[in-house]
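The structure appears below as structure tokens.
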Amino acid sequence: MILVQQYVVLDPGAVQAATPAQLESYLTSKGWVRAEITPPALQMWIRPQGEPLPDHLRALPARRAHLIWPGHITSPTRHHQRDYVARVDELLITLGLFERRLASDVLADIHDLTTSEATEELEDLRGSMMDGYTSEDVNRVFARIEEATGVRLTCLWDYCDAYGYGGNSQFYVEDADGRLYELAGDLWAWLNGDPTAHHTPNSPGAPASWRGAAAEVPEPAGGDDFYNLAQVDDQD
């Protein structure tokens, strides 16, 4: 008999940042197959038919194997559902068991894989805000970033009036519950730096690195329901 254990301590922020699309991209890269007969809300992934289990799983006692290795992976299909982090934790532990390594290493590989893919999709945005930006620019750029990485950003302006958003502005990461976090990592410098300058990052970095400490800002007075918020709303 063998005992398979995982002592798992996963960063909830890093888990939350892994979108269903990114998880499914990793599963595909590792040879998992989508079980088409499963309803989308309960989408499962299985191994190709005829493929033997890894030796360390085949050695499990038959009467207890199903408790440790269910033979499939259920993929979270809704990014903002309440128990999303818990379901991804379970998926990562199962993948770690199958691959015989730590769930935290699997999560790191998912972020590494999707970071390179996202960077390729977004490479034309490097330096795109060097000369300033409008609320329309924010919506266009942030929408592409969220689509590619699953990370939602918000731009908080001083005010919004009949002429639009203005004053000083600051970028934040916004979680599924609307909480704001300081923007960390290289993303700001990558978007706002001169692309010809050597100190401008070549990459925005891993999406998981963008979320800093919880932001201490007053409750915004208004927003456009996209990616812009304002401290003062004076549109009347």
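Identifiers in this document derive from the order of the structure tokens: chains are assigned A, B, ..., residues are numbered from 1 separately in each chain, and ligands are numbered from 1 in order of occurrence.
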### Message
If we count only C-alpha atoms and set the cut-off at 12 Å, which residues sit around range 173-180 of chain A, ignoring sequence neighbours fewer than 2 positions away in its own chain? Please answer as a PyMOL selection string.
### Response
chain A and resi 12-14+16-17+19+78-85+142+145-146+150-156+170-171+182-185+187-188+207-220+225-229
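Proximity to Gly132 in chain A at 12 Å, evaluated using only C-alpha atoms and with sequence-adjacent residues fewer than 4 positions away removed, yields Gly127, Ser128, Glu136, Asp137, Val138, Gly166, Gly167, Asn168, Ser169, Leu191, Asn192, Gly193 and Asp194 of chain A.
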Using C-alpha atoms, can you write the selected residues to a file as an mmCIF file, in the first residue's frame?
```cif
data_model
loop_
_atom_site.group_PDB
_atom_site.id
_atom_site.type_symbol
_atom_site.label_atom_id
_atom_site.label_comp_id
_atom_site.auth_asym_id
_atom_site.auth_seq_id
_atom_site.Cartn_x
_atom_site.Cartn_y
_atom_site.Cartn_z
ATOM 1 C CA GLY A 127 3.985 51.686 -24.449
ATOM 2 C CA SER A 128 0.452 52.272 -25.726
ATOM 3 C CA GLU A 136 -12.107 55.223 -23.959
ATOM 4 C CA ASP A 137 -8.460 54.110 -24.156
ATOM 5 C CA VAL A 138 -8.777 52.583 -20.697
ATOM 6 C CA GLY A 166 -10.448 63.906 -15.803
ATOM 7 C CA GLY A 167 -7.861 64.852 -13.201
ATOM 8 C CA ASN A 168 -5.306 62.462 -11.793
ATOM 9 C CA SER A 169 -5.877 58.755 -12.311
ATOM 10 C CA LEU A 191 1.880 50.188 -20.615
ATOM 11 C CA ASN A 192 3.130 53.703 -19.859
ATOM 12 C CA GLY A 193 6.834 53.473 -20.630
ATOM 13 C CA ASP A 194 8.614 54.497 -23.824
#
```
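CA of Asn202 in chain A lies 25.2 Å from CA of Val106 in chain A.
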### Query
Would you give me, as a PyMOL selection string, the residues in chain A that DSSP reads as alpha helix (DSSP H)?
chain A and resi 12-17+20-29+55-58+62-68+84-99+103-122+135-149+187-192
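Put simply, CA of Glu121 in chain A is 18.7 Å away from CA of Thr28 in chain A.
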### Task
Enumerate the residues of range 11-118 of chain A with a DSSP assignment of strand (DSSP E or B), computed from the backbone, and present them as a PyMOL selection string.
chain A and resi 33-34+44-46+73-74
Could you save the residues just selected, with C-alpha atoms, as a PDB file, in the first residue's frame?
```pdb
ATOM      1  CA  VAL A  33      -9.515  15.436 -23.411  1.00  0.00           C
ATOM      2  CA  ARG A  34     -12.802  17.280 -22.962  1.00  0.00           C
ATOM      3  CA  MET A  44     -15.206  17.131 -17.165  1.00  0.00           C
ATOM      4  CA  TRP A  45     -11.798  16.303 -18.583  1.00  0.00           C
ATOM      5  CA  ILE A  46     -10.498  12.761 -18.944  1.00  0.00           C
ATOM      6  CA  ILE A  73     -11.205  16.406 -13.531  1.00  0.00           C
ATOM      7  CA  THR A  74     -14.147  18.756 -13.220  1.00  0.00           C
TER       8      THR A  74
END
```
### Task
Pick out the residues sitting within 9 Å of range 93-101 of chain A, and hand them over as a list in words; count only C-alpha atoms, and ignore anything fewer than 2 positions along from it in its own chain.
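The residues satisfying every condition are Val4, Gln5, Gln6, Val8, Leu53, Pro54, His56, Leu57, Ile68, Trp69, Pro70, His72, Ile73, Val88, Asp89, Glu90, Leu91, Ala103, Ser104, Asp105 and Val106 of chain A.
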### Message
One decimal, in Å: what's the spacing between CA of Tyr133 in chain A and CA of Ala18 in chain A?
### Response
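Separation between CA of Tyr133 in chain A and CA of Ala18 in chain A: 28.2 Å.
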